[in-house]
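start16.pdb (PDB, C-alpha atoms and all ligand atoms)
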ATOM      1  CA  MET C   1      30.030 -57.470  71.767
ATOM      2  CA  ASP C   2      26.305 -56.645  71.622
ATOM      3  CA  GLU C   3      26.406 -55.860  75.306
ATOM      4  CA  ASN C   4      29.353 -53.496  74.845
ATOM      5  CA  LEU C   5      27.608 -51.766  71.941
ATOM      6  CA  ALA C   6      24.490 -51.439  74.079
ATOM      7  CA  ASN C   7      26.641 -49.940  76.872
ATOM      8  CA  LEU C   8      28.077 -47.406  74.426
ATOM      9  CA  ARG C   9      24.632 -46.393  73.174
ATOM     10  CA  ARG C  10      23.290 -46.190  76.731
ATOM     11  CA  ALA C  11      26.221 -44.031  77.869
ATOM     12  CA  ILE C  12      25.628 -41.546  75.025
ATOM     13  CA  LEU C  13      21.899 -41.458  75.740
ATOM     14  CA  THR C  14      22.547 -40.717  79.428
ATOM     15  CA  GLN C  15      25.307 -38.181  78.636
ATOM     16  CA  ASP C  16      27.880 -40.301  80.471
ATOM     17  CA  GLU C  17      31.097 -39.249  78.719
ATOM     18  CA  ASP C  18      33.454 -41.411  80.797
ATOM     19  CA  GLY C  19      31.207 -44.432  80.324
ATOM     20  CA  ALA C  20      31.033 -43.852  76.567
ATOM     21  CA  LEU C  21      34.811 -43.520  76.251
ATOM     22  CA  ARG C  22      35.286 -46.655  78.368
ATOM     23  CA  ALA C  23      32.782 -48.634  76.275
ATOM     24  CA  THR C  24      34.456 -47.455  73.051
ATOM     25  CA  ARG C  25      37.896 -48.577  74.270
ATOM     26  CA  ARG C  26      36.458 -51.905  75.398
ATOM     27  CA  LEU C  27      34.930 -52.511  71.966
ATOM     28  CA  LEU C  28      38.205 -51.669  70.225
ATOM     29  CA  ASP C  29      40.144 -53.898  72.652
ATOM     30  CA  ALA C  30      37.706 -56.719  71.875
ATOM     31  CA  GLY C  31      38.583 -56.336  68.207
ATOM     32  CA  VAL C  32      35.201 -55.024  67.073
ATOM     33  CA  ALA C  33      35.496 -53.386  63.635
ATOM     34  CA  PRO C  34      35.677 -49.570  63.875
ATOM     35  CA  ARG C  35      32.972 -49.312  61.224
ATOM     36  CA  VAL C  36      30.578 -51.313  63.431
ATOM     37  CA  ILE C  37      31.330 -49.075  66.413
ATOM     38  CA  LEU C  38      30.670 -45.962  64.309
ATOM     39  CA  GLU C  39      27.463 -47.228  62.763
ATOM     40  CA  SER C  40      25.849 -49.522  65.329
ATOM     41  CA  GLY C  41      27.151 -47.676  68.374
ATOM     42  CA  LEU C  42      27.650 -43.951  67.860
ATOM     43  CA  THR C  43      25.294 -43.262  64.939
ATOM     44  CA  ASP C  44      22.431 -45.378  66.283
ATOM     45  CA  ALA C  45      22.665 -43.523  69.612
ATOM     46  CA  MET C  46      22.448 -40.134  67.855
ATOM     47  CA  LEU C  47      19.447 -41.304  65.846
ATOM     48  CA  GLU C  48      17.735 -42.361  69.067
ATOM     49  CA  ILE C  49      18.559 -38.967  70.636
ATOM     50  CA  GLY C  50      16.995 -37.360  67.552
ATOM     51  CA  ARG C  51      13.848 -39.466  67.963
ATOM     52  CA  ARG C  52      13.576 -38.545  71.652
ATOM     53  CA  TRP C  53      14.127 -34.859  70.851
ATOM     54  CA  ARG C  54      11.339 -34.933  68.269
ATOM     55  CA  CYS C  55       8.959 -36.532  70.777
ATOM     56  CA  GLY C  56       9.850 -34.077  73.536
ATOM     57  CA  GLU C  57      11.584 -36.816  75.566
ATOM     58  CA  ALA C  58      14.990 -35.087  75.228
ATOM     59  CA  PHE C  59      15.979 -31.419  75.041
ATOM     60  CA  LEU C  60      18.550 -29.372  73.158
ATOM     61  CA  PRO C  61      21.217 -29.285  75.940
ATOM     62  CA  GLU C  62      21.165 -33.100  76.039
ATOM     63  CA  VAL C  63      21.561 -33.257  72.253
ATOM     64  CA  ILE C  64      24.523 -30.869  72.440
ATOM     65  CA  VAL C  65      26.252 -32.950  75.133
ATOM     66  CA  ALA C  66      25.538 -36.201  73.255
ATOM     67  CA  ALA C  67      27.039 -34.684  70.076
ATOM     68  CA  LYS C  68      30.182 -33.717  71.998
ATOM     69  CA  ILE C  69      30.511 -37.259  73.409
ATOM     70  CA  PHE C  70      29.994 -38.658  69.889
ATOM     71  CA  SER C  71      32.958 -36.565  68.670
ATOM     72  CA  ARG C  72      35.182 -37.596  71.597
ATOM     73  CA  CYS C  73      34.472 -41.285  70.931
ATOM     74  CA  ASN C  74      35.008 -40.775  67.204
ATOM     75  CA  GLU C  75      38.453 -39.310  67.999
ATOM     76  CA  ILE C  76      39.399 -42.686  69.512
ATOM     77  CA  VAL C  77      37.840 -44.811  66.769
ATOM     78  CA  GLU C  78      39.070 -42.863  63.733
ATOM     79  CA  PRO C  79      42.813 -43.599  64.143
ATOM     80  CA  VAL C  80      42.016 -47.321  64.445
ATOM     81  CA  LEU C  81      39.800 -47.105  61.361
ATOM     82  CA  MET C  82      42.751 -45.607  59.460
ATOM     83  CA  THR C  83      45.053 -48.477  60.380
ATOM     84  CA  SER C  84      42.448 -51.208  59.794
ATOM     85  CA  GLY C  85      43.864 -53.164  56.823
ATOM     86  CA  GLU C  86      41.100 -51.740  54.601
ATOM     87  CA  THR C  87      43.030 -48.546  53.871
ATOM     88  CA  VAL C  88      44.056 -48.189  50.241
ATOM     89  CA  HIS C  89      46.521 -45.576  49.081
ATOM     90  CA  ARG C  90      45.130 -43.305  46.448
ATOM     91  CA  SER C  91      45.279 -39.597  46.518
ATOM     92  CA  HIS C  92      42.236 -38.324  44.731
ATOM     93  CA  PRO C  93      40.937 -35.181  46.455
ATOM     94  CA  LEU C  94      37.547 -35.137  48.168
ATOM     95  CA  VAL C  95      36.398 -31.700  49.294
ATOM     96  CA  LEU C  96      33.827 -31.950  52.094
ATOM     97  CA  ALA C  97      31.581 -29.305  53.603
ATOM     98  CA  THR C  98      28.419 -28.843  55.582
ATOM     99  CA  VAL C  99      26.597 -26.097  53.711
ATOM    100  CA  LYS C 100      25.985 -22.508  54.817
ATOM    101  CA  GLY C 101      23.539 -22.094  57.697
ATOM    102  CA  ASP C 102      24.007 -25.663  58.882
ATOM    103  CA  LEU C 103      26.024 -26.577  61.984
ATOM    104  CA  HIS C 104      25.540 -30.356  61.868
ATOM    105  CA  ASP C 105      28.907 -31.961  61.222
ATOM    106  CA  LEU C 106      28.957 -35.397  62.885
ATOM    107  CA  GLY C 107      27.757 -37.205  59.753
ATOM    108  CA  LYS C 108      30.083 -35.234  57.482
ATOM    109  CA  ASN C 109      32.997 -36.132  59.750
ATOM    110  CA  LEU C 110      32.121 -39.829  59.478
ATOM    111  CA  VAL C 111      31.957 -39.534  55.699
ATOM    112  CA  GLY C 112      35.438 -37.951  55.783
ATOM    113  CA  ALA C 113      36.822 -40.708  58.010
ATOM    114  CA  MET C 114      35.375 -43.460  55.816
ATOM    115  CA  ALA C 115      36.586 -41.770  52.610
ATOM    116  CA  LYS C 116      40.125 -41.655  54.016
ATOM    117  CA  THR C 117      40.042 -45.413  54.559
ATOM    118  CA  VAL C 118      39.437 -45.950  50.842
ATOM    119  CA  GLY C 119      42.315 -43.622  50.021
ATOM    120  CA  PHE C 120      40.786 -40.203  49.414
ATOM    121  CA  ASN C 121      42.782 -37.139  50.278
ATOM    122  CA  VAL C 122      40.047 -35.417  52.281
ATOM    123  CA  ARG C 123      39.941 -31.642  52.471
ATOM    124  CA  ASP C 124      37.334 -30.810  55.105
ATOM    125  CA  LEU C 125      36.093 -27.219  54.906
ATOM    126  CA  GLY C 126      34.037 -27.605  58.082
ATOM    127  CA  LYS C 127      30.455 -26.531  58.700
ATOM    128  CA  ASP C 128      28.395 -23.434  57.776
ATOM    129  CA  VAL C 129      30.471 -23.106  54.607
ATOM    130  CA  PRO C 130      29.425 -20.463  52.039
ATOM    131  CA  VAL C 131      29.069 -21.422  48.388
ATOM    132  CA  ASP C 132      32.014 -19.173  47.351
ATOM    133  CA  GLU C 133      34.364 -21.107  49.605
ATOM    134  CA  ILE C 134      33.144 -24.427  48.206
ATOM    135  CA  VAL C 135      33.678 -23.222  44.631
ATOM    136  CA  ALA C 136      37.174 -21.916  45.464
ATOM    137  CA  ALA C 137      38.163 -25.233  47.053
ATOM    138  CA  ALA C 138      36.716 -27.202  44.119
ATOM    139  CA  ARG C 139      38.744 -25.047  41.717
ATOM    140  CA  GLU C 140      41.975 -25.516  43.695
ATOM    141  CA  SER C 141      41.511 -29.274  44.054
ATOM    142  CA  SER C 142      40.107 -30.007  40.578
ATOM    143  CA  PRO C 143      39.803 -32.732  39.374
ATOM    144  CA  CYS C 144      38.056 -33.748  42.551
ATOM    145  CA  ILE C 145      34.866 -34.902  44.197
ATOM    146  CA  VAL C 146      32.889 -32.434  46.296
ATOM    147  CA  GLY C 147      30.703 -33.836  49.107
ATOM    148  CA  LEU C 148      27.999 -31.578  50.505
ATOM    149  CA  SER C 149      26.184 -32.312  53.750
ATOM    150  CA  ALA C 150      22.861 -30.756  54.842
ATOM    151  CA  LEU C 151      20.819 -31.833  57.864
ATOM    152  CA  LEU C 152      18.130 -29.171  57.720
ATOM    153  CA  THR C 153      15.396 -28.918  55.114
ATOM    154  CA  THR C 154      16.064 -25.168  55.171
ATOM    155  CA  THR C 155      19.723 -25.615  54.166
ATOM    156  CA  MET C 156      19.188 -28.205  51.407
ATOM    157  CA  PRO C 157      18.786 -25.355  48.842
ATOM    158  CA  GLN C 158      22.424 -24.445  49.616
ATOM    159  CA  GLN C 159      23.404 -27.782  48.070
ATOM    160  CA  LYS C 160      21.634 -26.726  44.886
ATOM    161  CA  ALA C 161      23.263 -23.287  45.050
ATOM    162  CA  ALA C 162      26.690 -24.943  45.285
ATOM    163  CA  VAL C 163      25.979 -27.321  42.374
ATOM    164  CA  ASP C 164      24.831 -24.360  40.244
ATOM    165  CA  ALA C 165      27.837 -22.225  41.214
ATOM    166  CA  ILE C 166      30.318 -25.017  40.416
ATOM    167  CA  GLU C 167      28.598 -25.425  37.055
ATOM    168  CA  GLN C 168      28.679 -21.682  36.369
ATOM    169  CA  ALA C 169      32.367 -21.535  37.285
ATOM    170  CA  GLY C 170      32.961 -23.972  34.407
ATOM    171  CA  LEU C 171      34.405 -26.632  36.710
ATOM    172  CA  ARG C 172      32.225 -29.494  35.475
ATOM    173  CA  PRO C 173      32.820 -32.303  34.488
ATOM    174  CA  ASP C 174      36.185 -32.457  36.310
ATOM    175  CA  VAL C 175      34.361 -31.879  39.579
ATOM    176  CA  LYS C 176      31.849 -34.549  40.617
ATOM    177  CA  ILE C 177      29.370 -33.640  43.342
ATOM    178  CA  ILE C 178      27.793 -35.959  45.914
ATOM    179  CA  VAL C 179      25.203 -34.965  48.478
ATOM    180  CA  GLY C 180      23.926 -36.393  51.744
ATOM    181  CA  GLY C 181      22.432 -35.708  55.157
ATOM    182  CA  ALA C 182      19.308 -37.002  56.889
ATOM    183  CA  PRO C 183      16.655 -35.140  54.807
ATOM    184  CA  VAL C 184      18.481 -35.648  51.490
ATOM    185  CA  THR C 185      17.299 -38.277  48.986
ATOM    186  CA  GLN C 186      18.343 -39.670  45.623
ATOM    187  CA  GLU C 187      15.409 -37.796  44.124
ATOM    188  CA  TRP C 188      16.756 -34.490  45.494
ATOM    189  CA  ALA C 189      20.226 -35.297  44.184
ATOM    190  CA  ASP C 190      18.761 -35.919  40.710
ATOM    191  CA  GLN C 191      16.670 -32.778  40.906
ATOM    192  CA  ILE C 192      19.622 -30.496  41.667
ATOM    193  CA  GLY C 193      21.986 -32.144  39.196
ATOM    194  CA  ALA C 194      24.357 -33.775  41.685
ATOM    195  CA  ASP C 195      26.282 -36.863  40.545
ATOM    196  CA  GLY C 196      25.152 -38.986  43.452
ATOM    197  CA  TYR C 197      23.604 -39.450  46.862
ATOM    198  CA  ALA C 198      24.460 -41.891  49.648
ATOM    199  CA  PRO C 199      22.532 -42.561  52.852
ATOM    200  CA  ASP C 200      25.520 -43.328  55.098
ATOM    201  CA  ALA C 201      29.264 -42.922  55.399
ATOM    202  CA  ALA C 202      30.259 -46.350  54.102
ATOM    203  CA  SER C 203      28.113 -46.027  50.982
ATOM    204  CA  ALA C 204      29.331 -42.439  50.534
ATOM    205  CA  ALA C 205      32.909 -43.746  50.294
ATOM    206  CA  GLU C 206      31.819 -46.433  47.820
ATOM    207  CA  LEU C 207      29.903 -43.887  45.762
ATOM    208  CA  ALA C 208      32.911 -41.563  45.654
ATOM    209  CA  LEU C 209      35.115 -44.458  44.513
ATOM    210  CA  SER C 210      32.635 -45.390  41.788
ATOM    211  CA  LEU C 211      32.723 -41.821  40.452
ATOM    212  CA  LEU C 212      36.472 -42.036  39.887
ATOM    213  CA  ASN C 213      35.884 -44.418  36.993
TER     214      ASN C 213
HETATM  215  C1  LIG C 301      22.988 -33.833  66.802
HETATM  216  C2  LIG C 301      21.946 -32.888  66.273
HETATM  217  C3  LIG C 301      22.156 -31.513  66.455
HETATM  218  C4  LIG C 301      23.427 -30.945  67.075
HETATM  219  C5  LIG C 301      24.543 -30.974  65.981
HETATM  220  C6  LIG C 301      25.921 -31.170  66.566
HETATM  221  C7  LIG C 301      26.940 -31.426  65.503
HETATM  222  N1  LIG C 301      28.184 -31.075  65.833
HETATM  223  O1  LIG C 301      26.672 -31.932  64.427
HETATM  224  C8  LIG C 301      22.978 -29.505  67.475
HETATM  225  C9  LIG C 301      22.498 -29.534  68.890
HETATM  226  C10 LIG C 301      24.027 -28.404  67.302
HETATM  227  C11 LIG C 301      21.754 -29.309  66.564
HETATM  228  C12 LIG C 301      21.236 -28.061  66.273
HETATM  229  C13 LIG C 301      20.051 -27.873  65.561
HETATM  230  N2  LIG C 301      19.255 -28.840  65.076
HETATM  231 CO1  LIG C 301      19.750 -30.722  65.010
HETATM  232  N3  LIG C 301      19.868 -32.593  65.107
HETATM  233  C14 LIG C 301      20.779 -33.383  65.608
HETATM  234  C15 LIG C 301      20.320 -34.854  65.454
HETATM  235  C16 LIG C 301      19.718 -35.297  66.791
HETATM  236  C17 LIG C 301      21.348 -35.876  65.059
HETATM  237  C18 LIG C 301      22.139 -35.532  63.787
HETATM  238  C19 LIG C 301      23.351 -36.438  63.740
HETATM  239  O2  LIG C 301      24.435 -36.048  64.123
HETATM  240  N4  LIG C 301      23.134 -37.721  63.354
HETATM  241  C20 LIG C 301      24.191 -38.729  63.372
HETATM  242  C21 LIG C 301      24.996 -38.652  62.075
HETATM  243  C22 LIG C 301      26.103 -39.706  62.067
HETATM  244  O3  LIG C 301      24.088 -38.937  61.013
HETATM  245  P1  LIG C 301      23.844 -37.941  59.779
HETATM  246  O4  LIG C 301      24.198 -36.569  60.172
HETATM  247  O5  LIG C 301      22.506 -38.191  59.215
HETATM  248  O6  LIG C 301      24.936 -38.396  58.711
HETATM  249  C23 LIG C 301      24.904 -39.639  58.045
HETATM  250  C24 LIG C 301      24.148 -39.603  56.700
HETATM  251  O7  LIG C 301      23.138 -38.600  56.646
HETATM  252  C25 LIG C 301      25.217 -39.449  55.667
HETATM  253  N5  LIG C 301      25.740 -38.105  55.327
HETATM  254  C26 LIG C 301      25.834 -36.996  56.092
HETATM  255  N6  LIG C 301      26.450 -36.019  55.422
HETATM  256  C27 LIG C 301      26.757 -36.492  54.205
HETATM  257  C28 LIG C 301      27.393 -35.897  53.118
HETATM  258  C29 LIG C 301      27.564 -36.632  51.946
HETATM  259  C30 LIG C 301      28.255 -35.992  50.793
HETATM  260  C31 LIG C 301      27.066 -37.957  51.855
HETATM  261  C32 LIG C 301      27.195 -38.704  50.580
HETATM  262  C33 LIG C 301      26.445 -38.561  52.949
HETATM  263  C34 LIG C 301      26.297 -37.829  54.121
HETATM  264  O8  LIG C 301      26.302 -40.180  56.227
HETATM  265  C35 LIG C 301      26.367 -39.903  57.644
HETATM  266  C36 LIG C 301      27.027 -41.032  58.360
HETATM  267  O9  LIG C 301      26.371 -42.260  58.222
HETATM  268  C37 LIG C 301      19.237 -34.708  64.322
HETATM  269  C38 LIG C 301      18.169 -35.819  64.275
HETATM  270  C39 LIG C 301      18.301 -36.740  63.091
HETATM  271  N7  LIG C 301      17.475 -37.747  63.068
HETATM  272  O10 LIG C 301      19.093 -36.543  62.191
HETATM  273  C40 LIG C 301      18.704 -33.301  64.609
HETATM  274  C41 LIG C 301      18.041 -32.487  63.504
HETATM  275  C42 LIG C 301      18.796 -32.629  62.207
HETATM  276  N8  LIG C 301      18.168 -31.104  64.006
HETATM  277  C43 LIG C 301      17.123 -30.392  63.782
HETATM  278  C44 LIG C 301      16.968 -29.020  64.162
HETATM  279  C45 LIG C 301      15.592 -28.402  63.932
HETATM  280  C46 LIG C 301      18.037 -28.293  64.732
HETATM  281  C47 LIG C 301      18.016 -26.808  65.160
HETATM  282  C48 LIG C 301      17.297 -25.855  64.188
HETATM  283  C49 LIG C 301      17.416 -26.764  66.578
HETATM  284  C50 LIG C 301      17.261 -25.389  67.195
HETATM  285  N9  LIG C 301      16.019 -25.063  67.453
HETATM  286  O11 LIG C 301      18.215 -24.692  67.391
HETATM  287  C51 LIG C 301      19.523 -26.506  65.276
HETATM  288  C52 LIG C 301      20.088 -25.992  63.945
HETATM  289  C53 LIG C 301      21.499 -25.486  64.076
HETATM  290  C54 LIG C 301      22.046 -25.211  62.692
HETATM  291  N10 LIG C 301      21.980 -23.983  62.236
HETATM  292  O12 LIG C 301      22.505 -26.136  62.044
HETATM  293  C55 LIG C 301      16.035 -31.172  63.037
HETATM  294  C56 LIG C 301      15.959 -30.796  61.554
HETATM  295  C57 LIG C 301      14.526 -30.722  61.071
HETATM  296  C58 LIG C 301      14.449 -30.362  59.636
HETATM  297  N11 LIG C 301      13.563 -31.032  58.968
HETATM  298  O13 LIG C 301      15.121 -29.531  59.111
HETATM  299  C59 LIG C 301      16.478 -32.647  63.331
HETATM  300  C60 LIG C 301      16.059 -33.656  62.244
HETATM  301  C61 LIG C 301      15.824 -33.042  64.692
HETATM  302  C62 LIG C 301      14.315 -32.972  64.695
HETATM  303  N12 LIG C 301      13.769 -32.074  65.454
HETATM  304  O14 LIG C 301      13.607 -33.687  64.055
HETATM  305  N13 LIG C 301      21.290 -30.505  66.113
END
Could I get this structure in the form of structure tokens?
Ligand code: B12
Amino acid sequence: MDENLANLRRAILTQDEDGALRATRRLLDAGVAPRVILESGLTDAMLEIGRRWRCGEAFLPEVIVAAKIFSRCNEIVEPVLMTSGETVHRSHPLVLATVKGDLHDLGKNLVGAMAKTVGFNVRDLGKDVPVDEIVAAARESSPCIVGLSALLTTTMPQQKAAVDAIEQAGLRPDVKIIVGGAPVTQEWADQIGADGYAPDAASAAELALSLLN
């Protein structure tokens, strides 16, 4: 299994789409848990790409291709994740968005996939989503949880803008807000008045569940 995971990571790092899809199928055929493939295969490879990019060992076109391969592999893993006995049927709405100005959506998509497995009815607004649209969706889905993703330090203030706008629209406390993304911390969540922060998709789903009570 470790060798197959290593093959998957290597294929993403060398932009070998066919190899990555093959390695993903092999892992699923071997019965490896979808969550492990998402976290220890796909996500770890993207983090390594990020490290290489920062050090000048990789360049933007490679990151773009790796992100596309990540999504293709995720398309194969997600349906299996949904049928993996862990799925619970609830139908509480979870509105998800990557905030305005931010085009990073791989992490948000994983949060959505994981939230579905614990029974959330996920309404994904996509990326680069303006505050007005987030407020409108929160109003329509209320009571609900709103999950806001930001991967850039320059777009984190949009999370605060959304929290403030939801507050001003009078939608609290029926709307709980959780935030995440690589530069986001618990401290930031506290500072902007969000109800919670989670560092990864599995803990995001757990956090959302805990807020239902
Ligand atoms: C892939 C990538 C891209 C891709 C995105 C493709 C896509 N469809 O998403 C592309 C090439 C488009 C891109 C563009 C840019 N990027 Co970029 N990108 C990355 C990279 C390498 C990986 C991000 C990723 O997908 N990680 C894998 C996923 C699974 O992890 P994740 O996103 O962190 O999500 C997990 C958690 O954070 C959490 N989570 C995420 N969202 C949420 C939401 C909630 C509610 C919760 C609870 C949890 C949660 O759970 C997720 C799953 O476990 C990072 C490096 C890094 N270390 O993060 C840089 C990075 C984020 N990018 C960076 C930059 C600078 C840019 C550009 C400005 C580059 C440029 N000059 O054009 C543009 C900005 C475009 C824009 N306006 O958004 C910088 C940001 C620096 C900063 N401090 O702001 C980083 C850190 C790289 C670096 N240089 O250090 N990027």
**Report entry** Separation of atom C51 of ligand LIG 301 (chain C) from atom CA of C:Pro34 in Å
**Finding:** 28.2 Å
Query - Pick from C:Phe59, C:Trp188, C:Trp53, C:Phe120, whichever lies nearest to ligand LIG 301 (chain C) using only C-alpha atoms and all ligand atoms - result: C:Trp53
Counting only C-alpha atoms and all ligand atoms, give me one row per residue of chain C with an atom at most 6 Å from an atom of ligand LIG 301 (chain C), showing the shortest contact pair and its distance in Å to one decimal, sorted by chain then residue number, as JSON lines.
{"residue": "C:Thr43", "atom": "CA", "partner": "C:LIG301", "partner_atom": "C22", "distance": 4.6}
{"residue": "C:Met46", "atom": "CA", "partner": "C:LIG301", "partner_atom": "C20", "distance": 5.0}
{"residue": "C:Leu47", "atom": "CA", "partner": "C:LIG301", "partner_atom": "N7", "distance": 4.9}
{"residue": "C:Ile49", "atom": "CA", "partner": "C:LIG301", "partner_atom": "C16", "distance": 5.4}
{"residue": "C:Gly50", "atom": "CA", "partner": "C:LIG301", "partner_atom": "C16", "distance": 3.5}
{"residue": "C:Arg54", "atom": "CA", "partner": "C:LIG301", "partner_atom": "N12", "distance": 4.7}
{"residue": "C:Leu60", "atom": "CA", "partner": "C:LIG301", "partner_atom": "C9", "distance": 5.8}
{"residue": "C:Val63", "atom": "CA", "partner": "C:LIG301", "partner_atom": "C9", "distance": 5.1}
{"residue": "C:Ile64", "atom": "CA", "partner": "C:LIG301", "partner_atom": "C9", "distance": 4.3}
{"residue": "C:Ala67", "atom": "CA", "partner": "C:LIG301", "partner_atom": "C6", "distance": 5.1}
{"residue": "C:Gly101", "atom": "CA", "partner": "C:LIG301", "partner_atom": "N10", "distance": 5.2}
{"residue": "C:Asp102", "atom": "CA", "partner": "C:LIG301", "partner_atom": "O12", "distance": 3.5}
{"residue": "C:Leu103", "atom": "CA", "partner": "C:LIG301", "partner_atom": "O12", "distance": 3.5}
{"residue": "C:His104", "atom": "CA", "partner": "C:LIG301", "partner_atom": "O1", "distance": 3.2}
{"residue": "C:Asp105", "atom": "CA", "partner": "C:LIG301", "partner_atom": "O1", "distance": 3.9}
{"residue": "C:Leu106", "atom": "CA", "partner": "C:LIG301", "partner_atom": "O1", "distance": 4.4}
{"residue": "C:Gly107", "atom": "CA", "partner": "C:LIG301", "partner_atom": "O6", "distance": 3.2}
{"residue": "C:Lys108", "atom": "CA", "partner": "C:LIG301", "partner_atom": "N6", "distance": 4.2}
{"residue": "C:Leu110", "atom": "CA", "partner": "C:LIG301", "partner_atom": "C36", "distance": 5.4}
{"residue": "C:Val111", "atom": "CA", "partner": "C:LIG301", "partner_atom": "O8", "distance": 5.7}
{"residue": "C:Gly147", "atom": "CA", "partner": "C:LIG301", "partner_atom": "C30", "distance": 3.7}
{"residue": "C:Leu148", "atom": "CA", "partner": "C:LIG301", "partner_atom": "C30", "distance": 4.4}
{"residue": "C:Ser149", "atom": "CA", "partner": "C:LIG301", "partner_atom": "C28", "distance": 3.8}
{"residue": "C:Leu151", "atom": "CA", "partner": "C:LIG301", "partner_atom": "C42", "distance": 4.9}
{"residue": "C:Leu152", "atom": "CA", "partner": "C:LIG301", "partner_atom": "O13", "distance": 3.3}
{"residue": "C:Thr153", "atom": "CA", "partner": "C:LIG301", "partner_atom": "O13", "distance": 4.1}
{"residue": "C:Thr154", "atom": "CA", "partner": "C:LIG301", "partner_atom": "O13", "distance": 6.0}
{"residue": "C:Ile178", "atom": "CA", "partner": "C:LIG301", "partner_atom": "C30", "distance": 4.9}
{"residue": "C:Val179", "atom": "CA", "partner": "C:LIG301", "partner_atom": "C30", "distance": 4.0}
{"residue": "C:Gly180", "atom": "CA", "partner": "C:LIG301", "partner_atom": "C31", "distance": 3.5}
{"residue": "C:Gly181", "atom": "CA", "partner": "C:LIG301", "partner_atom": "O7", "distance": 3.3}
{"residue": "C:Ala182", "atom": "CA", "partner": "C:LIG301", "partner_atom": "O5", "distance": 4.1}
{"residue": "C:Tyr197", "atom": "CA", "partner": "C:LIG301", "partner_atom": "C32", "distance": 5.2}
{"residue": "C:Ala198", "atom": "CA", "partner": "C:LIG301", "partner_atom": "C32", "distance": 4.3}
{"residue": "C:Pro199", "atom": "CA", "partner": "C:LIG301", "partner_atom": "C25", "distance": 5.0}
{"residue": "C:Asp200", "atom": "CA", "partner": "C:LIG301", "partner_atom": "O9", "distance": 3.4}
{"residue": "C:Ala201", "atom": "CA", "partner": "C:LIG301", "partner_atom": "O9", "distance": 4.1}
{"residue": "C:Ala204", "atom": "CA", "partner": "C:LIG301", "partner_atom": "C32", "distance": 4.3}
Report task. Between atom CA of C:Thr14 and atom CA of C:Gly31, measure the distance and give it in Å to one decimal. Result ->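 Separation of atom CA of C:Thr14 and atom CA of C:Gly31: 25.0 Å.
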Requested in this report: For atom CA of C:Phe70 and atom CA of C:Ala20, determine how far apart the two atoms are, in Å to one decimal place.
Outcome: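 Result for atom CA of C:Phe70 versus atom CA of C:Ala20: 8.5 Å, one decimal.
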Query raised in the report: Could you name the residues that touch C:Val80 at 10 Å or less, counting only C-alpha atoms, but leaving out those on the same chain fewer than 4 positions away, as a ChimeraX atom specification?
Result: /C:28,33-35,74-76,84-85
Store the residues of this selection in a file with C-alpha atoms, as a short mmCIF file (atom, residue, chain, number, x, y, z; two decimals), in the coordinates of the input.
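Full text of selection_20.cif as output:
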data_model
loop_
_atom_site.label_atom_id
_atom_site.label_comp_id
_atom_site.auth_asym_id
_atom_site.auth_seq_id
_atom_site.Cartn_x
_atom_site.Cartn_y
_atom_site.Cartn_z
CA LEU C 28 38.20 -51.67 70.22
CA ALA C 33 35.50 -53.39 63.64
CA PRO C 34 35.68 -49.57 63.88
CA ARG C 35 32.97 -49.31 61.22
CA ASN C 74 35.01 -40.78 67.20
CA GLU C 75 38.45 -39.31 68.00
CA ILE C 76 39.40 -42.69 69.51
CA SER C 84 42.45 -51.21 59.79
CA GLY C 85 43.86 -53.16 56.82
#
Query - C:Gln158, C:Ser91, C:Thr98, C:Ser142 ranked by distance to C:Val122, top pick (using only C-alpha atoms) - result: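 Of C:Gln158, C:Ser91, C:Thr98, C:Ser142, the one nearest C:Val122, counting only C-alpha atoms, is C:Ser91.
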Query raised in the report: If the PyMOL selection byres (((chain C and resi 5) around 8) and not hetatm) is run on the structure shown, which residues does it catch, given as an NGL selection string?
Result: :C and (1-4 or 6-9 or 23 or 27 or 37 or 40-41)
Any chance you could model N, CA and C atoms for stretch 90-97 of chain C and send them as a PDB file, in the coordinates of the input?
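Okay, selection-v1.pdb is ready:
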ATOM      1  N   ARG C  90      45.418 -44.058  47.664  1.00  0.00           N
ATOM      2  CA  ARG C  90      45.130 -43.305  46.448  1.00  0.00           C
ATOM      3  C   ARG C  90      45.243 -41.869  46.874  1.00  0.00           C
ATOM      4  N   SER C  91      45.201 -40.945  45.973  1.00  0.00           N
ATOM      5  CA  SER C  91      45.279 -39.597  46.518  1.00  0.00           C
ATOM      6  C   SER C  91      44.327 -38.661  45.808  1.00  0.00           C
ATOM      7  N   HIS C  92      43.199 -39.188  45.390  1.00  0.00           N
ATOM      8  CA  HIS C  92      42.236 -38.324  44.731  1.00  0.00           C
ATOM      9  C   HIS C  92      41.611 -37.387  45.776  1.00  0.00           C
ATOM     10  N   PRO C  93      41.508 -36.091  45.456  1.00  0.00           N
ATOM     11  CA  PRO C  93      40.937 -35.181  46.455  1.00  0.00           C
ATOM     12  C   PRO C  93      39.419 -35.290  46.609  1.00  0.00           C
ATOM     13  N   LEU C  94      38.978 -35.210  47.855  1.00  0.00           N
ATOM     14  CA  LEU C  94      37.547 -35.137  48.168  1.00  0.00           C
ATOM     15  C   LEU C  94      37.365 -33.905  49.059  1.00  0.00           C
ATOM     16  N   VAL C  95      36.666 -32.921  48.527  1.00  0.00           N
ATOM     17  CA  VAL C  95      36.398 -31.700  49.294  1.00  0.00           C
ATOM     18  C   VAL C  95      35.063 -31.900  50.003  1.00  0.00           C
ATOM     19  N   LEU C  96      35.056 -31.712  51.321  1.00  0.00           N
ATOM     20  CA  LEU C  96      33.827 -31.950  52.094  1.00  0.00           C
ATOM     21  C   LEU C  96      33.385 -30.684  52.808  1.00  0.00           C
ATOM     22  N   ALA C  97      32.080 -30.470  52.863  1.00  0.00           N
ATOM     23  CA  ALA C  97      31.581 -29.305  53.603  1.00  0.00           C
ATOM     24  C   ALA C  97      30.149 -29.541  54.057  1.00  0.00           C
TER      25      ALA C  97
END
